[in-house]
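Q: This is run.txt (compact mmCIF, C-alpha atoms).
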# COMPACT_ATOMS: atom_id res chain seq x y z
CA MET A 1 55.58 -126.76 32.84
CA ASN A 2 55.20 -130.19 31.30
CA MET A 3 51.48 -130.54 30.80
CA THR A 4 50.21 -133.18 28.47
CA THR A 5 46.50 -132.34 28.63
CA THR A 6 44.57 -129.14 28.84
CA SER A 7 44.60 -127.47 32.22
CA ALA A 8 41.49 -125.42 31.55
CA HIS A 9 39.33 -128.16 33.03
CA ASP A 10 38.18 -125.85 35.79
CA GLU A 11 35.84 -123.92 33.53
CA GLN A 12 34.62 -127.12 31.88
CA VAL A 13 33.67 -128.65 35.19
CA ALA A 14 31.87 -125.49 36.24
CA LYS A 15 29.66 -125.68 33.15
CA GLU A 16 28.75 -129.36 33.60
CA PRO A 17 25.30 -130.16 35.00
CA MET A 18 25.04 -131.76 38.45
CA SER A 19 24.83 -135.23 36.89
CA ALA A 20 28.44 -134.79 35.83
CA ARG A 21 29.35 -135.91 39.35
CA GLN A 22 28.33 -139.41 38.37
CA VAL A 23 30.92 -139.74 35.60
CA ASP A 24 33.79 -142.15 35.88
CA SER A 25 36.84 -140.44 37.35
CA SER A 26 38.97 -141.69 34.48
CA GLN A 27 36.99 -139.35 32.22
CA LEU A 28 38.09 -136.23 34.08
CA PRO A 29 40.73 -134.14 32.35
CA ILE A 30 43.58 -133.99 34.82
CA ALA A 31 46.80 -132.38 33.65
CA SER A 32 49.89 -134.54 33.94
CA ILE A 33 53.03 -132.98 35.35
CA THR A 34 56.51 -134.12 36.30
CA SER A 35 58.99 -133.11 39.00
CA GLN A 36 61.47 -131.92 36.39
CA MET A 37 62.35 -128.23 36.19
CA THR A 38 62.79 -127.01 32.63
CA ALA A 39 64.85 -124.04 31.49
CA SER A 40 61.63 -122.11 31.11
CA ASN A 41 60.71 -122.90 34.74
CA HIS A 42 64.09 -121.58 35.93
CA TRP A 43 63.67 -118.45 33.83
CA ASP A 44 60.20 -117.92 35.29
CA HIS A 45 61.62 -118.29 38.83
CA PHE A 46 64.39 -115.82 38.02
CA LEU A 47 61.89 -113.23 36.78
CA ALA A 48 59.68 -113.77 39.84
CA ARG A 49 62.67 -113.17 42.12
CA TRP A 50 63.33 -109.87 40.33
CA GLY A 51 59.73 -108.76 40.69
CA VAL A 52 59.03 -108.85 36.94
CA ASN A 53 55.28 -109.21 36.27
CA ARG A 54 54.80 -109.83 39.97
CA SER A 55 51.34 -111.42 39.93
CA GLY A 56 51.77 -113.18 36.57
CA HIS A 57 53.64 -116.26 37.79
CA ARG A 58 50.65 -118.56 37.88
CA VAL A 59 49.54 -122.07 37.08
CA GLU A 60 45.93 -122.87 36.30
CA PRO A 61 44.03 -123.71 39.51
CA GLY A 62 42.89 -127.32 39.66
CA LEU A 63 44.05 -130.89 40.01
CA TYR A 64 47.32 -132.23 38.56
CA ALA A 65 48.63 -135.76 38.32
CA LEU A 66 52.28 -136.18 39.25
CA GLY A 67 53.65 -139.45 37.90
CA HIS A 68 50.96 -142.14 37.80
CA PRO A 69 48.70 -141.63 40.80
CA THR A 70 46.01 -144.14 41.77
CA PRO A 71 42.76 -143.49 43.71
CA ASP A 72 44.78 -144.24 46.86
CA SER A 73 47.55 -141.71 46.19
CA SER A 74 48.11 -138.70 48.44
CA VAL A 75 46.73 -135.28 47.54
CA PHE A 76 48.94 -132.26 48.20
CA VAL A 77 47.42 -128.79 48.20
CA THR A 78 49.35 -125.66 47.21
CA ALA A 79 48.97 -122.15 45.79
CA ASN A 80 48.81 -121.38 42.08
CA TYR A 81 52.04 -119.36 42.31
CA THR A 82 54.75 -120.98 40.21
CA LEU A 83 57.40 -120.78 42.95
CA SER A 84 55.05 -122.58 45.39
CA PHE A 85 53.78 -125.11 42.86
CA ASP A 86 57.25 -125.89 41.51
CA ALA A 87 58.77 -126.23 44.99
CA LEU A 88 56.10 -128.81 45.78
CA ARG A 89 56.43 -130.88 42.60
CA SER A 90 60.25 -130.83 42.88
CA ALA A 91 60.07 -132.04 46.46
CA LEU A 92 57.80 -134.91 45.40
CA ALA A 93 60.25 -136.28 42.82
CA GLY A 94 59.75 -140.03 42.40
CA GLN A 95 56.28 -140.02 43.97
CA ASP A 96 52.94 -140.70 42.36
CA ALA A 97 50.55 -138.14 43.78
CA TYR A 98 47.89 -135.56 43.07
CA ILE A 99 48.61 -131.87 43.43
CA MET A 100 45.73 -129.47 43.90
CA ALA A 101 46.50 -125.83 43.11
CA LEU A 102 44.13 -123.37 44.79
CA ASP A 103 43.34 -120.08 43.07
CA THR A 104 45.45 -117.69 45.16
CA GLN A 105 45.83 -115.28 42.23
CA GLY A 106 49.51 -116.04 41.85
CA ILE A 107 50.35 -115.37 45.51
CA ASN A 108 52.43 -117.73 47.65
CA VAL A 109 50.82 -119.97 50.29
CA TRP A 110 51.63 -117.97 53.43
CA CYS A 111 50.70 -114.53 52.09
CA ALA A 112 47.57 -115.94 50.43
CA ALA A 113 46.57 -117.65 53.69
CA GLY A 114 46.95 -114.29 55.44
CA LYS A 115 44.66 -112.72 52.86
CA GLY A 116 42.25 -115.67 53.02
CA THR A 117 42.55 -116.61 49.33
CA PHE A 118 44.38 -119.78 50.36
CA GLY A 119 41.39 -120.45 52.55
CA THR A 120 38.60 -122.72 53.68
CA ASP A 121 36.11 -121.45 51.07
CA GLU A 122 38.49 -121.81 48.13
CA LEU A 123 39.62 -125.26 49.29
CA VAL A 124 36.06 -126.56 49.64
CA HIS A 125 35.15 -125.01 46.28
CA ARG A 126 38.19 -126.55 44.58
CA ILE A 127 37.38 -130.00 46.01
CA GLU A 128 33.95 -129.75 44.37
CA ALA A 129 35.17 -128.19 41.12
CA THR A 130 37.73 -130.96 40.59
CA GLN A 131 35.29 -133.66 41.71
CA LEU A 132 37.96 -134.93 44.04
CA HIS A 133 35.50 -137.31 45.70
CA GLN A 134 35.37 -139.23 42.40
CA VAL A 135 39.09 -139.18 41.75
CA ILE A 136 40.33 -140.64 45.01
CA ARG A 137 39.06 -143.17 47.54
CA HIS A 138 40.55 -141.76 50.77
CA ARG A 139 39.51 -138.46 52.39
CA VAL A 140 42.80 -136.83 53.43
CA LEU A 141 44.43 -133.67 52.08
CA ILE A 142 48.01 -132.72 52.89
CA LEU A 143 48.36 -128.94 53.21
CA PRO A 144 51.48 -126.89 53.81
CA GLN A 145 51.66 -125.77 57.44
CA LEU A 146 51.79 -122.12 56.39
CA GLY A 147 48.34 -122.48 54.81
CA ALA A 148 46.88 -122.70 58.32
CA PRO A 149 46.23 -118.94 58.79
CA GLY A 150 43.61 -119.24 56.03
CA VAL A 151 42.22 -122.74 56.47
CA ALA A 152 40.14 -124.02 59.40
CA ALA A 153 40.75 -127.77 59.30
CA HIS A 154 37.62 -128.65 61.29
CA GLU A 155 35.49 -126.48 58.96
CA VAL A 156 36.89 -128.24 55.88
CA LYS A 157 36.04 -131.60 57.46
CA LYS A 158 32.51 -130.47 58.22
CA ARG A 159 31.88 -129.00 54.78
CA SER A 160 33.66 -131.48 52.51
CA GLY A 161 34.32 -134.63 54.50
CA PHE A 162 38.06 -134.27 53.91
CA ARG A 163 40.49 -134.34 56.81
CA VAL A 164 43.21 -131.71 56.56
CA GLU A 165 46.67 -132.87 57.49
CA TYR A 166 49.21 -130.07 57.92
CA GLY A 167 52.58 -131.08 56.51
CA PRO A 168 55.86 -129.28 57.14
CA VAL A 169 56.55 -125.57 56.54
CA ARG A 170 58.99 -126.27 53.71
CA ALA A 171 58.15 -128.51 50.75
CA ALA A 172 61.77 -129.71 50.78
CA ASP A 173 61.06 -131.51 54.08
CA LEU A 174 58.22 -133.54 52.52
CA PRO A 175 60.23 -136.68 51.64
CA GLU A 176 61.30 -137.05 55.27
CA TYR A 177 57.86 -136.09 56.56
CA LEU A 178 56.14 -138.69 54.37
CA ARG A 179 58.05 -141.59 55.95
CA ASN A 180 55.70 -141.61 58.95
CA HIS A 181 53.66 -138.41 58.48
CA GLN A 182 55.29 -136.91 61.56
CA ALA A 183 56.96 -133.50 61.42
CA THR A 184 59.96 -132.79 63.62
CA PRO A 185 59.85 -129.53 65.66
CA GLU A 186 62.44 -128.17 63.21
CA MET A 187 60.10 -128.83 60.25
CA ARG A 188 57.36 -126.89 62.01
CA ARG A 189 59.40 -123.72 62.54
CA VAL A 190 59.78 -120.90 60.04
CA SER A 191 63.32 -119.69 59.67
CA PHE A 192 64.75 -116.54 58.16
CA SER A 193 68.18 -117.76 57.15
CA LEU A 194 70.79 -115.82 55.23
CA ARG A 195 69.61 -117.59 52.08
CA ASP A 196 65.98 -116.69 52.81
CA ARG A 197 67.03 -113.06 53.23
CA LEU A 198 69.35 -112.97 50.22
CA VAL A 199 66.63 -114.02 47.77
CA LEU A 200 64.69 -110.91 48.81
CA VAL A 201 67.47 -108.49 47.83
CA PRO A 202 66.77 -108.42 44.05
CA VAL A 203 63.11 -107.49 44.45
CA GLU A 204 63.99 -104.90 47.12
CA LEU A 205 66.53 -103.40 44.71
CA VAL A 206 64.01 -103.26 41.89
CA TYR A 207 61.56 -101.34 44.07
CA ALA A 208 64.30 -98.90 45.09
CA LEU A 209 65.45 -98.33 41.50
CA ILE A 210 63.61 -95.09 40.78
CA PRO A 211 64.51 -93.40 44.11
CA LEU A 212 68.10 -94.58 43.56
CA LEU A 213 68.21 -93.00 40.09
CA ILE A 214 66.73 -89.74 41.41
CA VAL A 215 69.20 -89.29 44.28
CA GLY A 216 72.13 -90.72 42.31
CA VAL A 217 71.77 -89.15 38.89
CA VAL A 218 69.64 -86.05 39.51
CA LEU A 219 70.69 -84.99 43.01
CA ARG A 220 74.11 -86.68 42.79
CA SER A 221 74.11 -87.39 46.51
CA GLY A 222 76.47 -90.20 47.49
CA GLY A 223 75.16 -90.19 51.04
CA ALA A 224 71.58 -90.70 49.94
CA VAL A 225 72.54 -93.49 47.51
CA ALA A 226 74.44 -95.20 50.33
CA ALA A 227 71.45 -94.78 52.66
CA ILE A 228 69.09 -96.48 50.19
CA LEU A 229 71.50 -99.28 49.29
CA ALA A 230 72.11 -99.89 53.00
CA GLY A 231 68.35 -100.22 53.52
CA VAL A 232 67.63 -102.62 50.67
CA VAL A 233 70.85 -104.65 50.38
CA LEU A 234 72.93 -104.49 53.58
CA PHE A 235 69.97 -104.50 55.97
CA PRO A 236 68.39 -107.79 54.84
CA ILE A 237 71.81 -109.47 54.84
CA LEU A 238 73.01 -108.15 58.22
CA LEU A 239 69.63 -108.23 60.00
CA PRO A 240 70.37 -110.70 62.82
CA TRP A 241 73.78 -109.21 63.61
CA ILE A 242 72.79 -105.56 64.01
CA PRO A 243 72.31 -104.60 67.69
CA THR A 244 68.84 -104.01 69.27
CA HIS A 245 65.65 -105.92 68.48
CA ASP A 246 63.41 -103.45 66.65
CA LEU A 247 63.91 -103.16 62.92
CA SER A 248 63.77 -99.35 63.01
CA THR A 249 66.58 -99.05 65.54
CA LYS A 250 68.62 -101.64 63.67
CA GLY A 251 68.10 -99.59 60.51
CA LEU A 252 69.08 -96.35 62.25
CA ILE A 253 72.27 -97.89 63.62
CA LEU A 254 73.18 -99.30 60.19
CA GLY A 255 72.31 -95.95 58.61
CA GLU A 256 74.64 -94.06 60.99
CA VAL A 257 77.49 -96.51 60.40
CA VAL A 258 77.12 -96.17 56.63
CA GLN A 259 77.16 -92.35 56.82
CA LEU A 260 80.22 -92.20 59.13
CA PRO A 261 82.76 -92.34 56.27
CA PHE A 262 80.95 -89.50 54.48
CA ALA A 263 80.86 -87.40 57.66
CA LEU A 264 84.53 -88.10 58.42
CA ALA A 265 85.56 -87.34 54.84
CA VAL A 266 84.08 -83.86 55.04
CA LEU A 267 85.33 -83.26 58.58
CA LEU A 268 88.93 -84.36 57.99
CA GLY A 269 89.31 -84.14 54.22
CA ARG A 270 88.15 -80.58 53.55
CA PRO A 271 90.48 -78.30 55.53
CA GLU A 272 89.69 -75.41 53.18
CA MET A 273 86.15 -75.23 54.58
CA VAL A 274 85.27 -73.10 57.59
CA TRP A 275 84.84 -75.33 60.67
CA TRP A 276 81.14 -74.62 61.03
CA VAL A 277 80.42 -75.45 57.40
CA ARG A 278 82.13 -78.79 57.92
CA ALA A 279 80.15 -79.30 61.13
CA GLY A 280 77.00 -78.50 59.15
CA TRP A 281 77.75 -81.22 56.60
CA VAL A 282 78.49 -83.71 59.36
CA LEU A 283 75.05 -82.87 60.74
CA VAL A 284 73.48 -83.46 57.31
CA TYR A 285 75.10 -86.88 56.94
CA LEU A 286 74.28 -88.04 60.45
CA LEU A 287 70.74 -86.62 60.62
CA ALA A 288 69.22 -86.49 57.14
CA PHE A 289 70.34 -89.83 55.66
CA PRO A 290 70.17 -92.48 58.44
CA PRO A 291 66.37 -92.10 58.76
CA ILE A 292 66.09 -93.16 55.08
CA THR A 293 67.82 -96.44 55.93
CA ALA A 294 65.72 -96.76 59.09
CA PHE A 295 62.47 -96.25 57.17
CA LEU A 296 63.44 -98.89 54.60
CA ALA A 297 64.34 -101.20 57.50
CA LEU A 298 60.94 -100.61 59.09
CA ASN A 299 59.28 -101.45 55.79
CA PHE A 300 61.24 -104.70 55.70
CA THR A 301 58.93 -105.92 58.51
CA GLY A 302 56.55 -107.08 55.77
CA SER A 303 59.21 -109.40 54.38
CA THR A 304 60.30 -110.98 57.64
CA SER A 305 58.82 -114.16 59.05
CA PHE A 306 58.35 -113.02 62.64
CA THR A 307 57.03 -109.46 63.12
CA SER A 308 53.55 -109.13 64.66
CA LYS A 309 50.99 -106.47 63.81
CA THR A 310 51.05 -105.22 67.40
CA GLY A 311 54.83 -104.88 67.40
CA VAL A 312 54.98 -103.16 64.02
CA ARG A 313 52.31 -100.69 65.10
CA ARG A 314 54.41 -99.90 68.19
CA GLU A 315 57.46 -99.40 66.00
CA ILE A 316 55.59 -97.01 63.71
CA PHE A 317 54.38 -94.85 66.61
CA ALA A 318 57.72 -94.93 68.41
CA TYR A 319 60.15 -94.29 65.57
CA ILE A 320 58.42 -92.55 62.67
CA PRO A 321 58.38 -89.22 64.61
CA VAL A 322 62.09 -89.64 65.44
CA MET A 323 62.90 -90.39 61.79
CA ALA A 324 60.82 -87.41 60.63
CA TRP A 325 62.52 -84.98 63.03
CA MET A 326 66.03 -86.16 62.18
CA PHE A 327 65.29 -86.04 58.46
CA GLY A 328 63.65 -82.60 58.74
CA ILE A 329 66.49 -81.02 60.71
CA GLY A 330 69.08 -82.61 58.42
CA ILE A 331 67.35 -81.36 55.27
CA VAL A 332 66.99 -77.83 56.70
CA ALA A 333 70.71 -77.85 57.53
CA MET A 334 71.52 -79.00 54.00
CA LEU A 335 69.35 -76.31 52.41
CA ALA A 336 70.98 -73.67 54.61
CA LEU A 337 74.43 -74.82 53.46
CA TYR A 338 73.38 -74.67 49.79
CA VAL A 339 71.85 -71.21 50.21
CA ARG A 340 75.06 -70.01 51.79
CA ARG A 341 77.09 -71.43 48.89
CA ILE A 342 74.82 -69.79 46.30
CA LEU A 343 75.06 -66.45 48.07
CA GLY A 344 78.81 -66.89 47.71
CA ALA A 345 79.72 -66.34 51.34
CA MET B 1 64.16 -100.97 75.47
CA PHE B 2 64.11 -101.07 71.65
CA ASN B 3 61.97 -104.18 71.62
CA SER B 4 58.41 -103.52 70.47
CA TYR B 5 57.60 -107.21 70.27
CA LEU B 6 57.52 -108.27 73.93
CA SER B 7 53.73 -108.40 74.15
CA ASN B 8 50.91 -109.03 71.68
CA THR B 9 47.19 -109.81 71.46
CA LEU B 10 47.42 -113.61 71.86
CA GLN B 11 45.05 -114.95 74.54
CA TYR B 12 44.60 -118.56 75.53
CA LYS B 13 41.97 -120.08 77.80
CA ALA B 14 43.43 -123.36 79.04
CA GLU B 15 40.08 -124.47 80.49
CA LEU B 16 38.65 -124.73 76.94
CA CYS B 17 41.54 -126.80 75.59
CA ILE B 18 40.71 -130.39 74.64
CA GLY B 19 44.32 -131.31 73.88
CA CYS B 20 43.92 -131.88 70.14
CA GLU B 21 47.37 -130.27 69.70
CA MET B 22 46.42 -128.64 66.41
CA CYS B 23 47.98 -125.36 67.64
CA THR B 24 51.27 -127.01 68.55
CA SER B 25 51.42 -128.46 65.03
CA ILE B 26 50.67 -125.33 63.04
CA CYS B 27 52.31 -122.53 65.04
CA PRO B 28 55.43 -121.54 63.06
CA HIS B 29 57.11 -120.11 66.16
CA ALA B 30 56.53 -122.89 68.72
CA VAL B 31 54.41 -120.61 70.92
CA PHE B 32 52.43 -123.58 72.28
CA ALA B 33 53.82 -126.67 73.96
CA ARG B 34 52.32 -130.07 74.71
CA ASN B 35 51.75 -130.54 78.41
CA GLY B 36 49.58 -133.45 79.44
CA ARG B 37 45.93 -132.96 78.53
CA ALA B 38 45.97 -129.23 77.77
CA VAL B 39 48.65 -127.30 75.92
CA THR B 40 50.51 -124.41 77.54
CA LEU B 41 51.83 -121.11 76.27
CA ALA B 42 55.55 -121.78 76.10
CA HIS B 43 56.73 -118.69 74.15
CA PRO B 44 53.87 -116.17 73.89
CA GLU B 45 56.31 -113.35 73.08
CA ALA B 46 57.30 -115.18 69.86
CA CYS B 47 53.74 -114.90 68.48
CA MET B 48 53.58 -113.03 65.16
CA GLU B 49 49.76 -112.86 65.21
CA CYS B 50 49.28 -114.88 61.99
CA GLY B 51 46.00 -116.22 63.38
CA ALA B 52 46.50 -119.88 62.37
CA CYS B 53 45.92 -121.18 65.91
CA GLN B 54 42.70 -119.22 66.44
CA LEU B 55 41.27 -120.34 63.10
CA ASN B 56 42.14 -124.00 63.67
CA CYS B 57 41.23 -124.29 67.35
CA PRO B 58 37.98 -126.30 67.37
CA THR B 59 36.89 -125.03 70.80
CA GLY B 60 37.73 -121.33 70.47
CA ALA B 61 40.28 -121.50 73.29
CA ILE B 62 42.65 -119.17 71.44
CA THR B 63 42.03 -115.60 70.35
CA VAL B 64 44.46 -113.26 68.63
CA ASP B 65 43.99 -110.02 66.73
CA SER B 66 45.62 -111.31 63.56
CA GLY B 67 46.89 -109.28 60.64
CA VAL B 68 49.93 -108.48 58.57
CA GLY B 69 52.95 -107.31 60.55
CA CYS B 70 54.01 -105.09 57.68
CA ALA B 71 54.79 -101.42 58.18
CA ALA B 72 54.38 -100.53 54.50
CA ALA B 73 50.86 -102.01 54.42
CA MET B 74 49.88 -100.37 57.72
CA ILE B 75 51.20 -96.94 56.71
CA HIS B 76 49.48 -97.28 53.33
CA ALA B 77 46.20 -98.23 55.03
CA ALA B 78 46.50 -95.27 57.43
CA LEU B 79 47.21 -92.81 54.61
CA THR B 80 44.37 -94.05 52.40
CA GLY B 81 41.86 -94.42 55.22
CA GLN B 82 41.48 -98.20 54.93
CA LYS B 83 40.49 -100.08 58.04
CA GLU B 84 42.50 -103.23 57.52
CA ALA B 85 46.07 -103.35 56.19
CA THR B 86 46.69 -105.98 53.53
CA CYS B 87 49.57 -106.92 51.27
CA GLY B 88 49.62 -105.74 47.67
CA ASN B 89 46.97 -103.66 45.91
Spit out the file's structure as structure tokens when you get a sec.
A:
Amino acid sequence: MNMTTTSAHDEQVAKEPMSARQVDSSQLPIASITSQMTASNHWDHFLARWGVNRSGHRVEPGLYALGHPTPDSSVFVTANYTLSFDALRSALAGQDAYIMALDTQGINVWCAAGKGTFGTDELVHRIEATQLHQVIRHRVLILPQLGAPGVAAHEVKKRSGFRVEYGPVRAADLPEYLRNHQATPEMRRVSFSLRDRLVLVPVELVYALIPLLIVGVVLRSGGAVAAILAGVVLFPILLPWIPTHDLSTKGLILGEVVQLPFALAVLLGRPEMVWWVRAGWVLVYLLAFPPITAFLALNFTGSTSFTSKTGVRREIFAYIPVMAWMFGIGIVAMLALYVRRILGA
Amino acid sequence: MFNSYLSNTLQYKAELCIGCEMCTSICPHAVFARNGRAVTLAHPEACMECGACQLNCPTGAITVDSGVGCAAAMIHAALTGQKEATCGN
């Protein structure tokens, strides 16, 4: 980030006596930033996307000056997660404005709002800590729409005097929004486009790395590797095109489709095997492995932008038993086949 | 069949609505629609229970049992005996 002054002003302000509120706003240390993304910013974004040092992608909470803001410039509020902060300052290229980063502990706006860290209390506290009343003349804050699950606008008004204006969902829509401060219905909707889903694949892959190594290198099971890869790579990509609505059933369908080639290969490609041994392996592929894909698909609910707690709870109760039974029967069948092989039948 | 998301905990009392349209602005799934003085529930089945509308409704006309719609968090909470499922940690 291109900061020209210290950004540790938060602690300084906290230590000042109450009379510090009377100081001239020009005395306040406000870090200057630009809309430019440096190579180090891009590298940081890359690492964040791959889940490296997950909660370490932070900026210092506090007030930042973008360009040359005046006491009449707009104030935009965001999280202190670099991907959120950088999306905002990029979108505001060419503008003179203030950006206020709340302390969300390096979590994005929507997730932090859900947790309450991007919330009314933190916003009111940050207004006081940055002495925002002294810095600007107006009393309006522009928040991202997805901050709303954590911020009660009428409470903020009551406690700080600032009116909260909810801007669009995506920072990229800000230039258009700022023309008349009206959001189109499209700007107000969350999407889950192919691009939105693709950016999730790296971090999903990273989390599946150890299981992948175990089943691939130790157990040397192609079916299990395919089941996991289907769950963390194919599933996010193909999500809207897989039949049925629930994520578990979508995952089960995808899991079965992915195992079909393995089942067919053993059924048609191994004529030297007794028919019932081949049938046993078909059972293993179609029962033991698809629930792995289905379970990963169910866990993807946390990454989507539309699943409700009520619905996910229903999914868990409806499908976890099915997955467990299928997996259990499939594993028992597989063990039986291995025992038979060891006994040299 | 195979749709667990047809109903949810969203409840709206139209008689308390003062038409400030905060909910229509902040709902990310266009659940509410402008309709004269009071808003109406246009797509209640699209609600993901994020809780933004309840928190920002100045008259308490909207209630919803909000929380994370995340299976991993809910399973983790169930296994560790936590009451509320949250992301991370």
Q: Got a sec to pull out which chain B residues are within 8 Å of chain A, counting all atoms listed in the file, and send them as a ChimeraX atom specification?
A: /B:2-9,25-30,46-53,55-56,58,66-74,86-87
Q: Near Leu287 in chain A, within 6 Å and counting all atoms listed in the file, which residues show up once chain neighbours fewer than 2 positions away are dropped, as a list in words?
A: Leu283, Val284, Tyr285, Phe289, Met326, Phe327 and Gly330 of chain A
Q: What is the CA of Val109 in chain A to CA of Ala79 in chain A distance in Å?
A: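 CA of Ala79 in chain A lies 5.3 Å from CA of Val109 in chain A.
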Q: In the coordinates of the file, take the point (52.9, -122.9, 75.3) and a cut-off of 6 Å; then, counting only C-alpha atoms, name each qualifying protein, DNA or RNA residue as a PyMOL selection string.
A: chain B and resi 31-33+40-43
Q: In Å, rounded to a single decimal, give me how far CA of Leu123 in chain A is from CA of Lys157 in chain A.
A: 10.9 Å
Q: Under the rule that all atoms listed in the file are counted, which of A:Leu88, A:Ala101, A:Ala294, A:Met37 is the nearest residue to Arg170 in chain A?
A: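 Of A:Leu88, A:Ala101, A:Ala294, A:Met37, the one nearest Arg170 in chain A is A:Leu88, counting all atoms listed in the file.
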Q: Choose the residue, out of A:Ile253, A:Val59, A:Leu102, A:Val135, that has the smallest atom-to-atom separation from Ser73 in chain A; count all atoms listed in the file.
A: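 Closest to Ser73 in chain A of all the choices is A:Val135.
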Q: For Gly36 in chain B, find every residue with an atom within 12 Å (counting all atoms listed in the file), except residues of its own chain fewer than 4 positions away, and show them as a count of residues only.
A: 7
Q: Tell me which protein, DNA and RNA residues are within 12 Å of Ala227 in chain A, counting all atoms listed in the file, leaving out same-chain ones fewer than 5 positions away, and put them as a VMD selection string.
A: chain A and resid 208 211 to 212 215 to 216 221 to 222 232 to 235 251 to 260 262 285 to 297
Q: Give me, please, the distance in Å between CA of Pro175 in chain A and CA of Ala91 in chain A, quoted to one decimal.
A: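 Between CA of Pro175 in chain A and CA of Ala91 in chain A the gap is 7.0 Å.
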Q: From the list A:Glu122, A:Glu272, A:Asp196, A:Glu176, which residue is nearest Ser160 in chain A when using only C-alpha atoms?
A: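 Using only C-alpha atoms, the shortest distance to Ser160 in chain A belongs to A:Glu122.
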Q: In terms of the shortest atom-to-atom distance over only C-alpha atoms, which of A:Val339, A:Ile142, A:Leu132, A:Gly106 is closest to Ser74 in chain A?
A: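 Under the stated criterion, the closest residue is A:Ile142.
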